[in-house]
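Data file: structure14.pdb. Format and content: PDB, C-alpha atoms.
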ATOM      1  CA  MET X  15      63.303  15.146  21.694
ATOM      2  CA  ARG X  16      60.965  17.935  22.788
ATOM      3  CA  ASN X  17      59.143  17.895  19.430
ATOM      4  CA  TRP X  18      58.645  14.146  19.763
ATOM      5  CA  ILE X  19      57.113  14.562  23.231
ATOM      6  CA  VAL X  20      54.809  17.357  22.013
ATOM      7  CA  ASP X  21      53.716  15.208  19.068
ATOM      8  CA  LEU X  22      53.075  12.240  21.383
ATOM      9  CA  MET X  23      50.948  14.305  23.786
ATOM     10  CA  THR X  24      49.013  15.807  20.861
ATOM     11  CA  ARG X  25      48.294  12.336  19.518
ATOM     12  CA  LEU X  26      47.192  11.086  22.937
ATOM     13  CA  ARG X  27      44.725  13.952  23.308
ATOM     14  CA  ARG X  28      43.365  13.536  19.770
ATOM     15  CA  LYS X  29      43.044   9.769  20.029
ATOM     16  CA  GLY X  30      41.488  10.052  23.456
ATOM     17  CA  ARG X  31      38.833  12.469  22.216
ATOM     18  CA  ALA X  32      38.032  10.117  19.324
ATOM     19  CA  ILE X  33      37.441   6.973  21.380
ATOM     20  CA  LEU X  34      36.387   8.392  24.763
ATOM     21  CA  PRO X  35      32.668   8.800  23.917
ATOM     22  CA  ILE X  36      32.469   5.276  22.477
ATOM     23  CA  ALA X  37      34.398   3.813  25.404
ATOM     24  CA  ALA X  38      32.227   5.663  27.943
ATOM     25  CA  GLY X  39      29.077   4.451  26.234
ATOM     26  CA  GLY X  40      30.500   0.933  26.175
ATOM     27  CA  ILE X  41      31.150   1.019  29.917
ATOM     28  CA  LEU X  42      27.590   2.140  30.656
ATOM     29  CA  LEU X  43      26.181  -0.453  28.294
ATOM     30  CA  SER X  44      28.351  -3.178  29.834
ATOM     31  CA  LEU X  45      26.695  -2.534  33.194
ATOM     32  CA  LEU X  46      23.294  -3.041  31.585
ATOM     33  CA  LEU X  47      24.518  -6.196  29.820
ATOM     34  CA  LEU X  48      25.858  -7.477  33.115
ATOM     35  CA  LEU X  49      22.395  -7.180  34.635
ATOM     36  CA  VAL X  50      20.780  -8.833  31.607
ATOM     37  CA  GLY X  51      23.406 -11.567  31.608
ATOM     38  CA  TRP X  52      22.881 -12.464  35.232
ATOM     39  CA  THR X  53      19.124 -12.547  34.620
ATOM     40  CA  LEU X  54      19.386 -14.827  31.579
ATOM     41  CA  GLN X  55      22.018 -17.071  33.104
ATOM     42  CA  GLN X  56      19.403 -19.073  35.012
ATOM     43  CA  TRP X  57      17.852 -20.174  31.705
ATOM     44  CA  LEU X  58      21.066 -21.752  30.447
ATOM     45  CA  PRO X  59      21.608 -25.519  30.876
ATOM     46  CA  GLU X  60      22.909 -26.405  34.310
ATOM     47  CA  SER X  61      26.136 -27.766  32.834
ATOM     48  CA  PHE X  62      26.944 -24.371  31.267
ATOM     49  CA  GLN X  63      26.107 -22.625  34.522
ATOM     50  CA  GLN X  64      28.699 -24.798  36.238
ATOM     51  CA  GLY X  65      31.284 -23.850  33.622
ATOM     52  CA  MET X  66      30.482 -20.176  34.030
ATOM     53  CA  ALA X  67      30.948 -20.537  37.789
ATOM     54  CA  LEU X  68      34.426 -21.981  37.185
ATOM     55  CA  LEU X  69      35.312 -19.130  34.822
ATOM     56  CA  ALA X  70      34.079 -16.581  37.346
ATOM     57  CA  GLN X  71      36.762 -17.746  39.793
ATOM     58  CA  THR X  72      39.346 -15.943  37.580
ATOM     59  CA  ASP X  73      42.045 -18.216  38.994
ATOM     60  CA  PHE X  74      43.422 -20.065  36.002
ATOM     61  CA  ALA X  75      46.168 -21.981  37.823
ATOM     62  CA  THR X  76      43.814 -23.411  40.454
ATOM     63  CA  HIS X  77      40.730 -24.196  38.369
ATOM     64  CA  ARG X  78      42.158 -25.194  34.982
ATOM     65  CA  ASP X  79      41.982 -28.959  35.667
ATOM     66  CA  GLN X  80      38.411 -28.613  36.913
ATOM     67  CA  PHE X  81      37.487 -26.705  33.769
ATOM     68  CA  LYS X  82      39.124 -29.337  31.571
ATOM     69  CA  THR X  83      37.050 -32.048  33.274
ATOM     70  CA  PHE X  84      33.942 -29.927  32.803
ATOM     71  CA  MET X  85      34.592 -29.420  29.074
ATOM     72  CA  LEU X  86      35.198 -33.139  28.511
ATOM     73  CA  SER X  87      31.937 -33.937  30.294
ATOM     74  CA  LEU X  88      29.853 -31.861  27.867
ATOM     75  CA  GLY X  89      30.064 -34.348  25.016
ATOM     76  CA  PRO X  90      32.275 -36.223  22.583
ATOM     77  CA  VAL X  91      33.344 -33.025  20.781
ATOM     78  CA  PRO X  92      34.620 -30.528  23.394
ATOM     79  CA  GLU X  93      35.699 -28.172  20.588
ATOM     80  CA  LEU X  94      32.058 -27.459  19.713
ATOM     81  CA  SER X  95      31.181 -26.834  23.365
ATOM     82  CA  PHE X  96      34.115 -24.437  23.710
ATOM     83  CA  LEU X  97      33.103 -22.670  20.484
ATOM     84  CA  LEU X  98      29.596 -22.148  21.879
ATOM     85  CA  LEU X  99      31.047 -20.900  25.157
ATOM     86  CA  GLN X 100      33.170 -18.330  23.322
ATOM     87  CA  LEU X 101      30.116 -17.185  21.382
ATOM     88  CA  LEU X 102      28.102 -16.793  24.585
ATOM     89  CA  GLN X 103      30.839 -14.853  26.348
ATOM     90  CA  VAL X 104      30.381 -12.031  23.841
ATOM     91  CA  LEU X 105      26.634 -11.916  24.470
ATOM     92  CA  LEU X 106      26.556 -12.562  28.231
ATOM     93  CA  ALA X 107      28.633 -10.175  30.323
ATOM     94  CA  PRO X 108      29.225 -12.460  33.359
ATOM     95  CA  ILE X 109      31.515 -14.738  31.298
ATOM     96  CA  PRO X 110      35.094 -13.324  31.425
ATOM     97  CA  GLY X 111      36.636 -13.424  27.949
ATOM     98  CA  GLN X 112      40.188 -13.349  29.316
ATOM     99  CA  MET X 113      39.670 -16.665  31.089
ATOM    100  CA  THR X 114      38.116 -18.373  28.076
ATOM    101  CA  GLY X 115      41.101 -17.302  25.972
ATOM    102  CA  LEU X 116      43.517 -18.829  28.479
ATOM    103  CA  PHE X 117      41.538 -22.061  28.656
ATOM    104  CA  GLY X 118      41.434 -22.323  24.862
ATOM    105  CA  GLY X 119      45.223 -22.502  24.729
ATOM    106  CA  PHE X 120      45.396 -24.866  27.692
ATOM    107  CA  LEU X 121      42.796 -27.302  26.329
ATOM    108  CA  PHE X 122      43.570 -27.388  22.616
ATOM    109  CA  GLY X 123      47.035 -25.866  22.117
ATOM    110  CA  PHE X 124      47.905 -22.556  20.502
ATOM    111  CA  TRP X 125      46.695 -22.802  16.889
ATOM    112  CA  PRO X 126      43.492 -24.849  17.460
ATOM    113  CA  GLY X 127      42.687 -22.772  20.538
ATOM    114  CA  LEU X 128      43.216 -19.499  18.680
ATOM    115  CA  LEU X 129      41.076 -20.696  15.754
ATOM    116  CA  LEU X 130      38.193 -21.787  18.000
ATOM    117  CA  THR X 131      38.391 -18.583  20.030
ATOM    118  CA  SER X 132      38.486 -16.369  16.928
ATOM    119  CA  VAL X 133      35.552 -18.114  15.231
ATOM    120  CA  GLY X 134      33.450 -18.052  18.409
ATOM    121  CA  ILE X 135      34.122 -14.373  19.040
ATOM    122  CA  ALA X 136      33.489 -13.429  15.395
ATOM    123  CA  LEU X 137      30.107 -15.212  15.458
ATOM    124  CA  GLY X 138      29.220 -13.725  18.841
ATOM    125  CA  SER X 139      30.186 -10.221  17.679
ATOM    126  CA  TRP X 140      28.078 -10.586  14.524
ATOM    127  CA  ILE X 141      25.050 -11.757  16.538
ATOM    128  CA  ALA X 142      25.495  -8.863  18.991
ATOM    129  CA  MET X 143      25.627  -6.317  16.177
ATOM    130  CA  VAL X 144      22.616  -7.820  14.386
ATOM    131  CA  LEU X 145      20.545  -7.866  17.578
ATOM    132  CA  SER X 146      21.557  -4.302  18.354
ATOM    133  CA  ARG X 147      20.733  -3.035  14.866
ATOM    134  CA  ARG X 148      17.393  -4.834  14.507
ATOM    135  CA  ILE X 149      16.105  -4.689  18.068
ATOM    136  CA  GLY X 150      18.206  -2.143  19.929
ATOM    137  CA  THR X 151      17.762   0.747  17.496
ATOM    138  CA  PRO X 152      13.922   0.779  17.644
ATOM    139  CA  LEU X 153      14.106   0.303  21.418
ATOM    140  CA  VAL X 154      16.482   3.241  21.856
ATOM    141  CA  GLN X 155      14.288   5.404  19.626
ATOM    142  CA  ARG X 156      11.287   4.685  21.843
ATOM    143  CA  LEU X 157      12.947   5.051  25.240
ATOM    144  CA  VAL X 158      15.504   7.822  24.764
ATOM    145  CA  PRO X 159      14.312  11.483  24.577
ATOM    146  CA  ALA X 160      14.590  13.035  21.117
ATOM    147  CA  THR X 161      17.181  15.648  22.137
ATOM    148  CA  VAL X 162      19.454  13.025  23.718
ATOM    149  CA  LEU X 163      18.929  10.689  20.767
ATOM    150  CA  GLN X 164      19.976  13.418  18.330
ATOM    151  CA  GLN X 165      23.251  13.943  20.217
ATOM    152  CA  PHE X 166      23.788  10.177  20.333
ATOM    153  CA  ASP X 167      23.194   9.871  16.571
ATOM    154  CA  THR X 168      25.649  12.693  15.943
ATOM    155  CA  LEU X 169      28.244  10.988  18.122
ATOM    156  CA  LEU X 170      27.925   7.614  16.406
ATOM    157  CA  GLY X 171      27.535   9.242  13.012
ATOM    158  CA  ASN X 172      31.026  10.693  13.341
ATOM    159  CA  SER X 173      32.516   7.306  14.226
ATOM    160  CA  ARG X 174      34.556   5.373  11.686
ATOM    161  CA  VAL X 175      35.278   1.677  11.371
ATOM    162  CA  MET X 176      38.896   2.549  12.225
ATOM    163  CA  ASP X 177      37.748   4.079  15.547
ATOM    164  CA  PHE X 178      36.087   0.801  16.509
ATOM    165  CA  PHE X 179      39.118  -1.167  15.323
ATOM    166  CA  MET X 180      41.397   0.875  17.564
ATOM    167  CA  ILE X 181      39.084   0.359  20.538
ATOM    168  CA  PHE X 182      39.081  -3.401  19.967
ATOM    169  CA  LEU X 183      42.867  -3.294  19.648
ATOM    170  CA  LEU X 184      43.388  -1.686  23.044
ATOM    171  CA  PRO X 185      43.218  -3.872  26.171
ATOM    172  CA  ALA X 186      40.970  -3.311  29.198
ATOM    173  CA  LEU X 187      38.064  -1.760  27.253
ATOM    174  CA  PRO X 188      34.539  -3.286  27.226
ATOM    175  CA  ASP X 189      34.843  -4.978  23.824
ATOM    176  CA  ASP X 190      31.617  -6.976  24.054
ATOM    177  CA  ALA X 191      29.461  -3.981  24.954
ATOM    178  CA  ILE X 192      31.090  -1.974  22.154
ATOM    179  CA  CYS X 193      29.947  -4.673  19.707
ATOM    180  CA  PHE X 194      26.380  -3.761  20.640
ATOM    181  CA  MET X 195      27.197  -0.074  20.226
ATOM    182  CA  ALA X 196      28.713  -0.746  16.805
ATOM    183  CA  GLY X 197      25.434  -2.310  15.740
ATOM    184  CA  LEU X 198      23.651   0.981  16.400
ATOM    185  CA  THR X 199      25.731   2.739  13.759
ATOM    186  CA  ARG X 200      25.093   2.746  10.017
ATOM    187  CA  LEU X 201      28.562   1.407   9.276
ATOM    188  CA  PRO X 202      28.764  -1.776   7.137
ATOM    189  CA  MET X 203      28.238  -4.843   9.313
ATOM    190  CA  ALA X 204      30.907  -6.947   7.589
ATOM    191  CA  GLN X 205      33.543  -4.247   8.142
ATOM    192  CA  LEU X 206      32.602  -3.911  11.806
ATOM    193  CA  VAL X 207      32.827  -7.671  12.407
ATOM    194  CA  LEU X 208      36.193  -7.768  10.641
ATOM    195  CA  ALA X 209      37.424  -4.799  12.678
ATOM    196  CA  SER X 210      36.339  -6.475  15.921
ATOM    197  CA  LEU X 211      38.104  -9.724  15.019
ATOM    198  CA  ILE X 212      41.369  -8.250  13.710
ATOM    199  CA  GLY X 213      41.485  -5.695  16.512
ATOM    200  CA  ARG X 214      41.100  -8.393  19.160
ATOM    201  CA  LEU X 215      43.428 -10.870  17.466
ATOM    202  CA  PRO X 216      46.706  -9.738  19.127
ATOM    203  CA  GLY X 217      45.146  -9.966  22.583
ATOM    204  CA  LEU X 218      43.525 -13.313  21.791
ATOM    205  CA  ALA X 219      46.825 -14.659  20.506
ATOM    206  CA  VAL X 220      48.614 -13.607  23.695
ATOM    207  CA  LEU X 221      45.964 -15.166  25.945
ATOM    208  CA  THR X 222      45.917 -18.395  23.942
ATOM    209  CA  PHE X 223      49.711 -18.551  23.939
ATOM    210  CA  ALA X 224      49.784 -17.937  27.694
ATOM    211  CA  GLY X 225      47.323 -20.775  28.256
ATOM    212  CA  SER X 226      49.272 -23.174  26.058
ATOM    213  CA  GLN X 227      52.654 -22.311  27.634
ATOM    214  CA  PHE X 228      51.549 -21.729  31.219
ATOM    215  CA  ASP X 229      53.655 -24.528  32.721
ATOM    216  CA  SER X 230      56.627 -24.392  30.373
ATOM    217  CA  ASP X 231      57.886 -20.792  30.235
ATOM    218  CA  PRO X 232      56.026 -18.087  32.214
ATOM    219  CA  VAL X 233      58.790 -15.533  31.530
ATOM    220  CA  LEU X 234      58.354 -15.930  27.778
ATOM    221  CA  THR X 235      54.604 -15.506  28.219
ATOM    222  CA  GLN X 236      55.116 -12.212  30.060
ATOM    223  CA  GLN X 237      57.517 -10.997  27.385
ATOM    224  CA  VAL X 238      55.065 -11.836  24.588
ATOM    225  CA  PHE X 239      52.240 -10.094  26.464
ATOM    226  CA  THR X 240      54.331  -6.950  27.022
ATOM    227  CA  LEU X 241      55.427  -6.866  23.376
ATOM    228  CA  ALA X 242      51.829  -7.262  22.178
ATOM    229  CA  MET X 243      50.591  -4.423  24.394
ATOM    230  CA  ILE X 244      53.380  -2.093  23.238
ATOM    231  CA  THR X 245      52.637  -2.972  19.611
ATOM    232  CA  ALA X 246      48.915  -2.282  20.108
ATOM    233  CA  LEU X 247      49.668   1.102  21.679
ATOM    234  CA  VAL X 248      52.029   2.094  18.854
ATOM    235  CA  LEU X 249      49.468   1.045  16.215
ATOM    236  CA  TRP X 250      46.802   3.053  18.007
ATOM    237  CA  LEU X 251      48.898   6.199  18.280
ATOM    238  CA  TYR X 252      50.563   6.153  14.851
ATOM    239  CA  ASP X 253      47.958   4.497  12.619
ATOM    240  CA  ASP X 254      48.066   7.466  10.200
ATOM    241  CA  LYS X 255      51.848   7.221   9.814
ATOM    242  CA  ILE X 256      51.616   3.467   9.283
ATOM    243  CA  ALA X 257      48.871   3.905   6.670
ATOM    244  CA  GLN X 258      50.994   6.485   4.815
ATOM    245  CA  LEU X 259      53.967   4.123   4.881
ATOM    246  CA  VAL X 260      51.875   1.255   3.468
ATOM    247  CA  ARG X 261      50.488   3.458   0.667
ATOM    248  CA  ARG X 262      54.002   4.718  -0.168
ATOM    249  CA  ASN X 263      55.368   1.171  -0.414
ATOM    250  CA  ARG X 264      52.500   0.191  -2.688
TER     251      ARG X 264
END

Will you turn the file into C-alpha cells for me?
Amino acid sequence: MRNWIVDLMTRLRRKGRAILPIAAGGILLSLLLLLVGWTLQQWLPESFQQGMALLAQTDFATHRDQFKTFMLSLGPVPELSFLLLQLLQVLLAPIPGQMTGLFGGFLFGFWPGLLLTSVGIALGSWIAMVLSRRIGTPLVQRLVPATVLQQFDTLLGNSRVMDFFMIFLLPALPDDAICFMAGLTRLPMAQLVLASLIGRLPGLAVLTFAGSQFDSDPVLTQQVFTLAMITALVLWLYDDKIAQLVRRNR
C-alpha cells in the first residue's frame, strides 16, 4: 500500500512538471484571447452576438429553449450554424465550450450532436494552430526579448504530442488557448489536431450525453461524468503503463 502511494505521488509530481509550463502559458494566453475575442465580437453578425449572449448566461436549464429558438432562426439548416458556432468557440474566448457541448446534445441528440461538436472543434483547432504558426511565431519573435524567447523555445522544444494530448484530456484547462500554443511548436500539425480531438473526446461525449439526457436521468448523467473524469485521470497518470500493456498484447 505504501509503495503504491509513493508511486502515485511520484507520478503526480512528474506529470505536473511536464504539463505545468504549458498549462501556465495557456492560462496567460487565454486572458489575451479573451481580450481579443471581446474586441472582435462586435464585428460578428448580430444574430451570432445574440447566441453568444445566451451562451454566456451559463444556465443551461433556463436558457436552453431560448437557444433552440435562436438556432432555428438562423436558417433552414441549424446543423451548419451550430457547426460554425463550435468552430468559433475555439477561436473566440468569450464563447464557453461547455455550454455549446450541452446544447449540441439537447438540439440534435447524442450521436449527431457529438459528430457536429467534434468536427467543429477539430476545424477550429486546426485554424488556431495554423494562425499561430504562420502569424503568431513571427509576431512573438518580434515582440519578445531574445533571452525570454530562447527559454520559451526550449520549453516548447521539449514538449511532445503526448504532453498536449494529456492536457486536452484533463478537464478545467484552457484547451482553446493551448491550441494556439501548440501551433508555436515544430510538432506535426496533423498529430496535434488529432491529439486535441481525441484528448477532448471523452469530455465532449459527456457534455453531449448530459445535454441529450438532461430531462430523463440526471443521476445517470452525473455517474457518466464522474466515470469519465476518473478514466481521464487514470490515463493521464499511467499512460506509460498502458502503452507498455498495449505493446505487450501486440

Inset, instruction - Please identify all polymer residues within 8 Å of Gly138 of chain X, counting only C-alpha atoms, omitting same-chain residues fewer than 4 positions from it, and present them as a PyMOL selection string. - result: chain X and resi 100-105+134+142

Could you give me, as JSON lines, every segment 186-243 of chain X residue with an atom at most 9 Å from segment 42-63 of chain X, plus its closest atom pair and distance in Å to one decimal, counting only C-alpha atoms, rows ordered by chain then number?
{"residue": "X:Pro188", "atom": "CA", "partner": "X:Ser44", "partner_atom": "CA", "distance": 6.7}
{"residue": "X:Asp190", "atom": "CA", "partner": "X:Ser44", "partner_atom": "CA", "distance": 7.6}
{"residue": "X:Ala191", "atom": "CA", "partner": "X:Ser44", "partner_atom": "CA", "distance": 5.1}
{"residue": "X:Ile192", "atom": "CA", "partner": "X:Leu43", "partner_atom": "CA", "distance": 8.0}
{"residue": "X:Phe194", "atom": "CA", "partner": "X:Leu43", "partner_atom": "CA", "distance": 8.3}
{"residue": "X:Met195", "atom": "CA", "partner": "X:Leu43", "partner_atom": "CA", "distance": 8.1}

The selected residues should be written to file as a PDB file, in the frame of the given file (atoms: C-alpha atoms).
ATOM      1  CA  PRO X 188      34.539  -3.286  27.226  1.00  0.00           C
ATOM      2  CA  ASP X 190      31.617  -6.976  24.054  1.00  0.00           C
ATOM      3  CA  ALA X 191      29.461  -3.981  24.954  1.00  0.00           C
ATOM      4  CA  ILE X 192      31.090  -1.974  22.154  1.00  0.00           C
ATOM      5  CA  PHE X 194      26.380  -3.761  20.640  1.00  0.00           C
ATOM      6  CA  MET X 195      27.197  -0.074  20.226  1.00  0.00           C
TER       7      MET X 195
END

Inset, instruction - Between X:Gln237, X:Asp254, X:Glu93, X:Gly111, single out the one closest to Asp189 of chain X, counting all atoms listed in the file. - result: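 Using all atoms listed in the file, the shortest distance to Asp189 of chain X belongs to X:Gly111.
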
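Closest approach to Leu34 of chain X among X:Tyr252, X:Phe239, X:Phe178, X:Phe120 is made by X:Phe178 (distances from all atoms listed in the file).
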
Inset, instruction - Rounded to one decimal place, report the atom CA of Arg31 of chain X-atom CA of Ile135 of chain X distance in Å. - result: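 Computing it gives 27.4 Å between the two atoms.
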
Legend entry - Matched chain/residue IDs from the PyMOL selection byres ((chain X and resi 140) around 9), as a PyMOL selection string: chain X and resi 135-139+141-145+193+197+203-204+206-207

Legend entry - Selection result of the PyMOL selection byres ((chain X and resi 65) around 10) on this file, as a PyMOL selection string: chain X and resi 60-64+66-70+80-82+84-85+88+99+109

Legend entry - Two-atom distance - atom CA of Asp73 of chain X, atom CA of Thr240 of chain X (Å):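 Distance between the two atoms: 20.5 Å.
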
Legend entry - Which of X:Ser173, X:Thr151, X:Gln236, X:Gln227 sits closest to Phe122 of chain X [using all atoms listed in the file]: X:Gln227

Inset, instruction - Rank X:Val175, X:Met23, X:Gly225, X:Ile212 by their smallest atom-to-atom distance to Arg78 of chain X, using all atoms listed in the file, and report the top residue only. - result: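 Checking each candidate against Arg78 of chain X, we get X:Gly225 as the closest.
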
Legend entry - Result set, the PyMOL selection byres ((chain X and resi 219) around 12) on current file, as number ranges by chain: X: 112, 115-116, 118-119, 123-132, 211-218, 220-227, 235, 238-239, 241-243

What are the centre and edge lengths in Å, to one decimal, of the axis-aligned box around all listed atoms of segment 131-138 of chain X with 4 Å added on each side, as lines of an AutoDock Vina configuration file?
center_x = 33.9
center_y = -16.0
center_z = 17.6
size_x = 17.3
size_y = 13.2
size_z = 12.8

Legend entry - Residue nearest Leu183 of chain X among X:Ile41, X:Ile256, X:Leu249, X:Ile19 (counting all atoms listed in the file): X:Leu249

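Proximity ranking of X:Met176, X:Ala209, X:Leu121, X:Leu201 relative to Leu86 of chain X places X:Leu121 first, based on all atoms listed in the file.
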
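Reported to one decimal place, the separation of atom CA of Ser146 of chain X from atom CA of Thr199 of chain X is 9.4 Å.
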